[in-house]
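Peer 1: So here's target.cif (mmCIF, C-alpha atoms).
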```
data_my_file
loop_
_atom_site.label_atom_id
_atom_site.label_comp_id
_atom_site.auth_asym_id
_atom_site.auth_seq_id
_atom_site.Cartn_x
_atom_site.Cartn_y
_atom_site.Cartn_z
CA MET A 1 117.74 87.82 97.53
CA ASN A 2 114.27 86.54 98.45
CA GLU A 3 113.90 88.71 101.52
CA LYS A 4 110.88 90.96 102.06
CA LEU A 5 111.12 94.26 103.91
CA ILE A 6 108.04 95.53 105.71
CA ILE A 7 108.06 99.13 106.90
CA ARG A 8 105.19 99.94 109.27
CA LEU A 9 104.27 103.63 109.60
CA SER A 10 101.90 105.26 112.07
CA HIS A 11 101.54 108.79 113.39
CA ASN A 12 104.24 108.28 116.04
CA GLN A 13 105.77 104.84 115.49
CA LEU A 14 108.09 103.36 112.90
CA SER A 15 109.37 99.81 112.57
CA PHE A 16 111.18 97.55 110.11
CA THR A 17 110.59 93.84 109.65
CA VAL A 18 112.55 91.54 107.36
CA VAL A 19 110.96 88.22 106.40
CA ASN A 20 113.18 85.52 104.97
CA THR A 21 111.57 82.08 105.10
CA ALA A 22 114.72 80.53 103.61
CA ASN A 23 116.61 81.37 106.80
CA ALA A 24 115.56 78.65 109.22
CA GLU A 25 117.52 80.10 112.15
CA GLN A 26 116.14 83.64 111.92
CA PRO A 27 113.22 83.88 109.48
CA ILE A 28 111.96 87.14 111.02
CA VAL A 29 114.02 90.17 112.02
CA PHE A 30 112.06 92.95 113.72
CA GLU A 31 113.52 96.33 114.57
CA PRO A 32 111.49 99.21 116.02
CA TYR A 33 112.90 102.66 115.36
CA ASN A 34 113.30 105.25 118.11
CA VAL A 35 111.20 108.08 116.68
CA LYS A 36 112.26 111.58 117.65
CA ASN A 37 109.32 113.60 118.90
CA GLY A 38 108.79 117.02 117.39
CA ILE A 39 110.29 115.95 114.08
CA ALA A 40 108.17 114.98 111.09
CA MET A 41 107.91 111.25 110.42
CA ALA A 42 109.37 111.83 106.94
CA VAL A 43 112.52 113.25 108.55
CA ASN A 44 112.67 110.32 110.97
CA LEU A 45 112.40 107.84 108.09
CA ARG A 46 115.04 109.65 106.05
CA GLU A 47 117.39 109.55 109.02
CA ALA A 48 116.62 105.86 109.56
CA PHE A 49 117.82 105.10 106.04
CA HIS A 50 121.21 106.58 107.01
CA THR A 51 121.52 105.02 110.48
CA THR A 52 119.74 101.63 110.42
CA PRO A 53 121.96 98.79 109.12
CA LEU A 54 118.87 96.67 108.34
CA LEU A 55 117.91 99.17 105.62
CA ALA A 56 121.33 99.04 103.95
CA ASP A 57 120.59 95.66 102.36
CA SER A 58 118.83 95.12 99.04
CA TYR A 59 115.36 93.58 99.11
CA GLN A 60 113.39 91.94 96.36
CA ARG A 61 110.02 92.96 97.79
CA ILE A 62 109.07 96.07 99.74
CA MET A 63 105.79 96.46 101.59
CA ILE A 64 104.71 99.65 103.36
CA VAL A 65 102.11 99.03 106.08
CA VAL A 66 100.28 102.26 106.85
CA ASP A 67 98.24 103.09 109.92
CA SER A 68 95.95 105.96 108.96
CA PRO A 69 92.19 106.66 109.05
CA THR A 70 90.27 104.40 106.69
CA LEU A 71 87.15 104.92 104.62
CA MET A 72 85.26 101.83 103.50
CA VAL A 73 83.49 101.97 100.12
CA PRO A 74 81.27 99.18 98.73
CA VAL A 75 83.14 97.65 95.81
CA ASN A 76 80.16 97.98 93.45
CA LEU A 77 80.05 101.76 94.07
CA TYR A 78 83.78 102.39 93.89
CA GLN A 79 85.31 104.49 91.12
CA GLU A 80 89.09 104.94 91.22
CA GLN A 81 88.91 108.52 89.96
CA ASP A 82 86.69 109.51 92.89
CA LYS A 83 88.89 108.23 95.71
CA GLU A 84 90.53 111.57 96.59
CA GLN A 85 87.21 113.38 96.68
CA LEU A 86 85.56 110.68 98.80
CA TYR A 87 88.41 110.46 101.26
CA THR A 88 89.08 114.17 101.73
CA HIS A 89 85.36 114.82 102.13
CA SER A 90 85.39 112.40 105.07
CA TYR A 91 88.76 113.60 106.43
CA PRO A 92 89.11 117.26 105.34
CA SER A 93 92.14 117.86 107.59
CA ARG A 94 94.15 115.36 105.49
CA GLN A 95 93.70 117.03 102.10
CA GLN A 96 97.46 117.40 101.55
CA ASN A 97 98.08 113.66 101.83
CA ILE A 98 98.11 111.06 99.07
CA VAL A 99 95.09 108.75 99.03
CA LEU A 100 95.71 105.02 98.51
CA SER A 101 93.37 102.06 98.15
CA ASN A 102 93.22 98.35 98.89
CA VAL A 103 90.50 96.25 97.26
CA LEU A 104 89.01 93.54 99.49
CA PRO A 105 87.01 91.36 97.09
CA ASP A 106 86.23 88.79 99.79
CA LEU A 107 84.51 91.55 101.78
CA ASN A 108 83.00 93.37 98.79
CA SER A 109 84.76 96.55 99.92
CA VAL A 110 87.54 98.95 99.07
CA ALA A 111 89.58 100.46 101.91
CA LEU A 112 90.75 104.02 101.29
CA PHE A 113 93.61 105.31 103.43
CA ASP A 114 96.33 107.91 103.08
CA ILE A 115 100.01 108.60 103.51
CA ASN A 116 101.83 111.85 104.14
CA ARG A 117 103.11 113.30 100.88
CA ASP A 118 106.65 113.91 102.22
CA LEU A 119 106.80 110.37 103.60
CA LYS A 120 105.96 108.95 100.20
CA VAL A 121 108.70 111.07 98.60
CA VAL A 122 111.25 109.57 101.01
CA ILE A 123 110.03 106.06 100.20
CA ASP A 124 110.06 106.70 96.45
CA ASP A 125 113.63 108.00 96.69
CA HIS A 126 114.78 104.62 97.99
CA TYR A 127 112.35 102.11 96.50
CA PRO A 128 110.83 102.68 93.05
CA GLN A 129 108.35 99.81 93.42
CA VAL A 130 106.53 99.17 96.67
CA GLN A 131 103.23 97.72 97.80
CA TYR A 132 101.12 99.84 100.16
CA VAL A 133 98.82 98.06 102.60
CA CYS A 134 96.44 99.50 105.17
CA CYS A 135 97.44 97.94 108.50
CA MET A 136 93.87 96.76 109.11
CA VAL A 137 93.55 94.72 105.91
CA PRO A 138 95.21 91.50 107.17
CA VAL A 139 93.32 91.78 110.48
CA TRP A 140 89.96 92.25 108.79
CA ARG A 141 90.52 89.32 106.45
CA HIS A 142 91.75 86.96 109.16
CA LEU A 143 88.99 87.76 111.63
CA HIS A 144 86.41 87.62 108.86
CA GLN A 145 87.36 83.96 108.47
CA ARG A 146 87.10 83.48 112.24
CA SER A 147 83.61 84.96 112.18
CA PHE A 148 82.35 81.83 110.42
CA THR A 149 83.43 79.60 113.33
CA GLY A 150 80.40 78.42 115.29
CA ILE A 151 76.85 79.70 115.11
CA ARG A 152 77.13 82.84 117.24
CA SER A 153 77.37 86.38 115.89
CA LYS A 154 80.68 88.04 116.70
CA LEU A 155 81.91 91.56 117.34
CA PHE A 156 85.65 92.22 117.07
CA GLY A 157 87.82 94.91 118.61
CA TYR A 158 91.44 95.52 117.66
CA PHE A 159 93.57 97.89 119.77
CA HIS A 160 96.59 99.56 118.18
CA ASP A 161 98.35 102.92 118.19
CA GLN A 162 96.02 104.23 120.94
CA ARG A 163 92.96 103.47 118.83
CA LEU A 164 90.23 100.86 118.89
CA GLU A 165 88.93 99.42 115.63
CA VAL A 166 85.49 97.86 116.08
CA PHE A 167 83.99 95.73 113.33
CA SER A 168 81.55 92.95 112.59
CA PHE A 169 80.71 90.92 109.52
CA GLN A 170 77.59 89.59 107.89
CA GLN A 171 78.51 86.88 105.42
CA ASN A 172 80.92 88.44 102.89
CA ARG A 173 80.63 92.10 103.86
CA PHE A 174 81.04 94.45 106.78
CA LYS A 175 78.06 94.83 109.07
CA PHE A 176 79.87 97.54 111.07
CA CYS A 177 83.31 99.16 110.89
CA ASN A 178 84.53 102.19 112.81
CA SER A 179 87.50 103.53 114.76
CA PHE A 180 87.59 105.18 118.20
CA ASP A 181 90.08 106.88 120.48
CA ALA A 182 91.14 104.18 122.97
CA GLN A 183 93.67 105.78 125.28
CA HIS A 184 91.52 105.07 128.35
CA MET A 185 89.90 101.81 129.40
CA HIS A 186 86.52 103.33 130.29
CA ASP A 187 86.24 104.92 126.85
CA SER A 188 86.91 101.56 125.21
CA LEU A 189 84.30 99.92 127.43
CA TYR A 190 81.73 102.51 126.42
CA PHE A 191 82.41 102.22 122.69
CA LEU A 192 82.33 98.42 122.70
CA LEU A 193 79.05 98.24 124.60
CA TYR A 194 77.54 101.03 122.50
CA VAL A 195 78.29 99.17 119.26
CA TRP A 196 77.13 95.89 120.78
CA ARG A 197 73.77 97.48 121.56
CA GLN A 198 73.60 99.26 118.19
CA LEU A 199 73.97 95.91 116.40
CA ASN A 200 71.33 94.28 118.62
CA LEU A 201 73.71 91.53 119.67
CA GLN A 202 72.49 89.13 122.34
CA GLN A 203 73.99 89.40 125.82
CA GLU A 204 73.72 85.67 126.60
CA HIS A 205 74.42 84.24 123.16
CA ASP A 206 76.78 86.32 121.00
CA GLU A 207 80.53 86.87 121.33
CA LEU A 208 83.01 89.73 121.67
CA HIS A 209 86.64 89.07 120.69
CA LEU A 210 89.46 91.54 121.44
CA ALA A 211 93.02 91.61 120.11
CA GLY A 212 96.09 93.81 120.11
CA ASP A 213 97.62 96.20 122.63
CA ILE A 214 94.68 96.37 125.04
CA PRO A 215 94.92 99.05 127.75
CA GLU A 216 94.20 97.70 131.25
CA LYS A 217 93.33 94.37 129.65
CA GLU A 218 92.21 92.39 132.69
CA GLN A 219 90.15 95.25 134.12
CA LEU A 220 88.46 95.83 130.76
CA LEU A 221 87.61 92.15 130.45
CA ASP A 222 86.19 92.08 133.99
CA GLU A 223 84.00 95.10 133.24
CA LEU A 224 82.80 93.65 129.94
CA ARG A 225 81.80 90.39 131.60
CA LYS A 226 79.44 92.28 133.88
CA TYR A 227 77.33 92.93 130.78
CA LEU A 228 78.30 90.22 128.27
CA LYS A 229 78.50 86.51 128.91
CA ARG A 230 81.00 85.74 126.14
CA ALA A 231 83.88 88.25 126.02
CA TYR A 232 87.32 86.91 125.06
CA ILE A 233 90.90 88.03 124.48
CA ILE A 234 92.49 86.60 121.31
CA ASN A 235 95.79 84.91 122.20
CA PRO A 236 98.12 85.28 119.18
CA THR A 237 100.10 82.16 120.14
CA ALA A 238 96.99 79.99 119.95
CA ASP A 239 95.51 82.02 117.08
CA PHE A 240 98.55 81.38 114.89
CA ASN A 241 99.30 77.82 115.99
CA ARG A 242 102.37 78.69 118.09
CA SER A 243 104.12 80.47 115.24
CA PRO A 244 107.51 81.88 116.34
CA VAL A 245 106.40 85.28 115.07
CA THR A 246 104.08 85.59 118.09
CA GLN A 247 107.09 85.53 120.43
CA ILE A 248 108.71 88.66 118.98
CA ASP A 249 108.46 91.45 121.53
CA GLY A 250 106.82 94.61 120.22
CA LEU A 251 105.46 93.11 116.99
CA THR A 252 101.90 94.32 116.46
CA TYR A 253 99.04 91.88 115.89
CA ASP A 254 98.48 93.29 112.39
CA LEU A 255 102.10 92.54 111.45
CA MET A 256 101.82 89.04 112.94
CA THR A 257 98.69 88.46 110.87
CA LEU A 258 100.31 89.83 107.74
CA ILE A 259 103.37 87.60 108.13
CA VAL A 260 101.46 84.42 109.02
CA LYS A 261 98.33 84.81 106.89
CA GLY A 262 99.37 87.28 104.20
CA ARG A 263 97.38 90.34 103.17
#
```
Will you turn the file into structure tokens for me?

Peer 2:
Amino acid sequence: MNEKLIIRLSHNQLSFTVVNTANAEQPIVFEPYNVKNGIAMAVNLREAFHTTPLLADSYQRIMIVVDSPTLMVPVNLYQEQDKEQLYTHSYPSRQQNIVLSNVLPDLNSVALFDINRDLKVVIDDHYPQVQYVCCMVPVWRHLHQRSFTGIRSKLFGYFHDQRLEVFSFQQNRFKFCNSFDAQHMHDSLYFLLYVWRQLNLQQEHDELHLAGDIPEKEQLLDELRKYLKRAYIINPTADFNRSPVTQIDGLTYDLMTLIVKGR
């Protein structure tokens, strides 16, 4: 079989996506899993393997997309043997987790992220060879390419899993990259304008682009336009040239980007 299974894991959400480009009628199958609150995600995933028919099939390629805090390290300073120390120093509450890495040569960076140890045991029990990808990697790479469009500097915000990822690029590297709690619209407004000011972006000239599951989207955009002349919402349908993947209800923008653009 030439099918690829993508399992997306976050702190309270779990989904399965099967990509089979050879199947013209249904190239993408997406199935969110009803996570039981109060039960560890590893237990939820183990139960899903017993109850979800989609997981009963055999797959040639397995990709695990992980939503967890990220630490960016310049590629010229990165040493593989130091990744655990670097990551746990930045996130001491996550010392029991397993630290993973994705190298981003086009951005001269390495993204460090982690996965719960018990979750990885469940995955290893079912799939001996998998590829782990930080959920932000396809988004960063895609929007990095968009940053070269036109002459204006751009700030990007991606909303997912009740968080806001704010980032900007300068040629082939990050100029800024950070994550904020984004459960409330006014918090998001504050963080976006704070970063805008910190980067000395120009109110009349430069651009802000937002994507993802944006809370109170229209109200946020109205508030932003009181301060910024060029604030936009990225429309996935236009962004990905009307790809059918953009019509799948519940599919996150990072999964759309991964499927359409690759990691």

Peer 1: Taking all atoms of stretch 183-199 of chain A that appear in the file, build a box with edges along x, y and z, extend it by 3 Å on every side, and state its centre and edge lengths in Å to one decimal, as JSON.

Peer 2:
```
{"center_x": 83.6, "center_y": 100.8, "center_z": 123.3, "size_x": 26.1, "size_y": 15.9, "size_z": 19.9}
```

Peer 1: Taking the file above as input, evaluate the PyMOL selection byres ((chain A and resi 116-121) around 8) and report the hits as a PyMOL selection string.

Peer 2: chain A and resi 41-42+45+96-98+114-115+122-125

Peer 1: Apply the PyMOL selection byres ((chain A and resi 154) around 6) to the displayed file and report the matching residues as a ChimeraX atom specification.

Peer 2: /A:153,155,207-208

Peer 1: If you keep C-alpha atoms, can you produce a file of those selected residues as an mmCIF file, keeping the file's coordinate frame?

Peer 2:
```
data_model
loop_
_atom_site.group_PDB
_atom_site.id
_atom_site.type_symbol
_atom_site.label_atom_id
_atom_site.label_comp_id
_atom_site.auth_asym_id
_atom_site.auth_seq_id
_atom_site.Cartn_x
_atom_site.Cartn_y
_atom_site.Cartn_z
ATOM 1 C CA SER A 153 77.370 86.380 115.890
ATOM 2 C CA LEU A 155 81.910 91.560 117.340
ATOM 3 C CA GLU A 207 80.530 86.870 121.330
ATOM 4 C CA LEU A 208 83.010 89.730 121.670
#
```

Peer 1: Here is a test: counting all atoms listed in the file, which residue of A:Thr88, A:Gln145, A:Gln81, A:Thr252 is nearest to A:Leu9?

Peer 2: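 Between A:Thr88, A:Gln145, A:Gln81, A:Thr252, the residue approaching A:Leu9 most closely is A:Thr252.
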
Peer 1: Enter the distance from atom CA of A:Leu199 to atom CA of A:His160, in Å, rounded to one decimal.

Peer 2: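 So the answer is 23.0 Å.
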
Peer 1: Report, in Å with one decimal, the straight-line distance from atom CA of A:Met63 to atom CA of A:Arg8.

Peer 2: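 Going from atom CA of A:Met63 over to atom CA of A:Arg8, I get 8.5 Å.
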
Peer 1: Between A:Glu3, A:Glu25, A:Asp239, A:Asp206, which has the minimum distance to A:His142 (counting only C-alpha atoms)?

Peer 2: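 Nearest to A:His142: A:Asp239.
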
Peer 1: With distances taken over all atoms listed in the file, which residue among A:Lys261, A:Asn37, A:Arg152, A:Leu251 lies nearest A:Ser15?

Peer 2: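 Closest candidate: A:Leu251.
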
Peer 1: Just say which residues the PyMOL selection byres ((chain A and resi 246) around 12) picks in this file, as number ranges by chain.

Peer 2: A: 28, 30, 212, 235-245, 247-260

Peer 1: Tell me which protein, DNA and RNA residues are within 8 Å of A:Ala231, counting all atoms listed in the file, leaving out same-chain ones fewer than 3 positions away, and put them as a ChimeraX atom specification.

Peer 2: /A:207-210,221,224-225,228

Peer 1: Could you take the residues named above and write them with C-alpha atoms, as a PDB file, keeping the file's coordinate frame?

Peer 2:
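And here is the file that came out, out.pdb:
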```
ATOM      1  CA  GLU A 207      80.530  86.870 121.330  1.00  0.00           C
ATOM      2  CA  LEU A 208      83.010  89.730 121.670  1.00  0.00           C
ATOM      3  CA  HIS A 209      86.640  89.070 120.690  1.00  0.00           C
ATOM      4  CA  LEU A 210      89.460  91.540 121.440  1.00  0.00           C
ATOM      5  CA  LEU A 221      87.610  92.150 130.450  1.00  0.00           C
ATOM      6  CA  LEU A 224      82.800  93.650 129.940  1.00  0.00           C
ATOM      7  CA  ARG A 225      81.800  90.390 131.600  1.00  0.00           C
ATOM      8  CA  LEU A 228      78.300  90.220 128.270  1.00  0.00           C
TER       9      LEU A 228
END
```

Peer 1: So what do you get for atom CA of A:Arg61 versus atom CA of A:Lys4, distance-wise?

Peer 2: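 According to the coordinates, atom CA of A:Arg61 and atom CA of A:Lys4 are separated by 4.8 Å.
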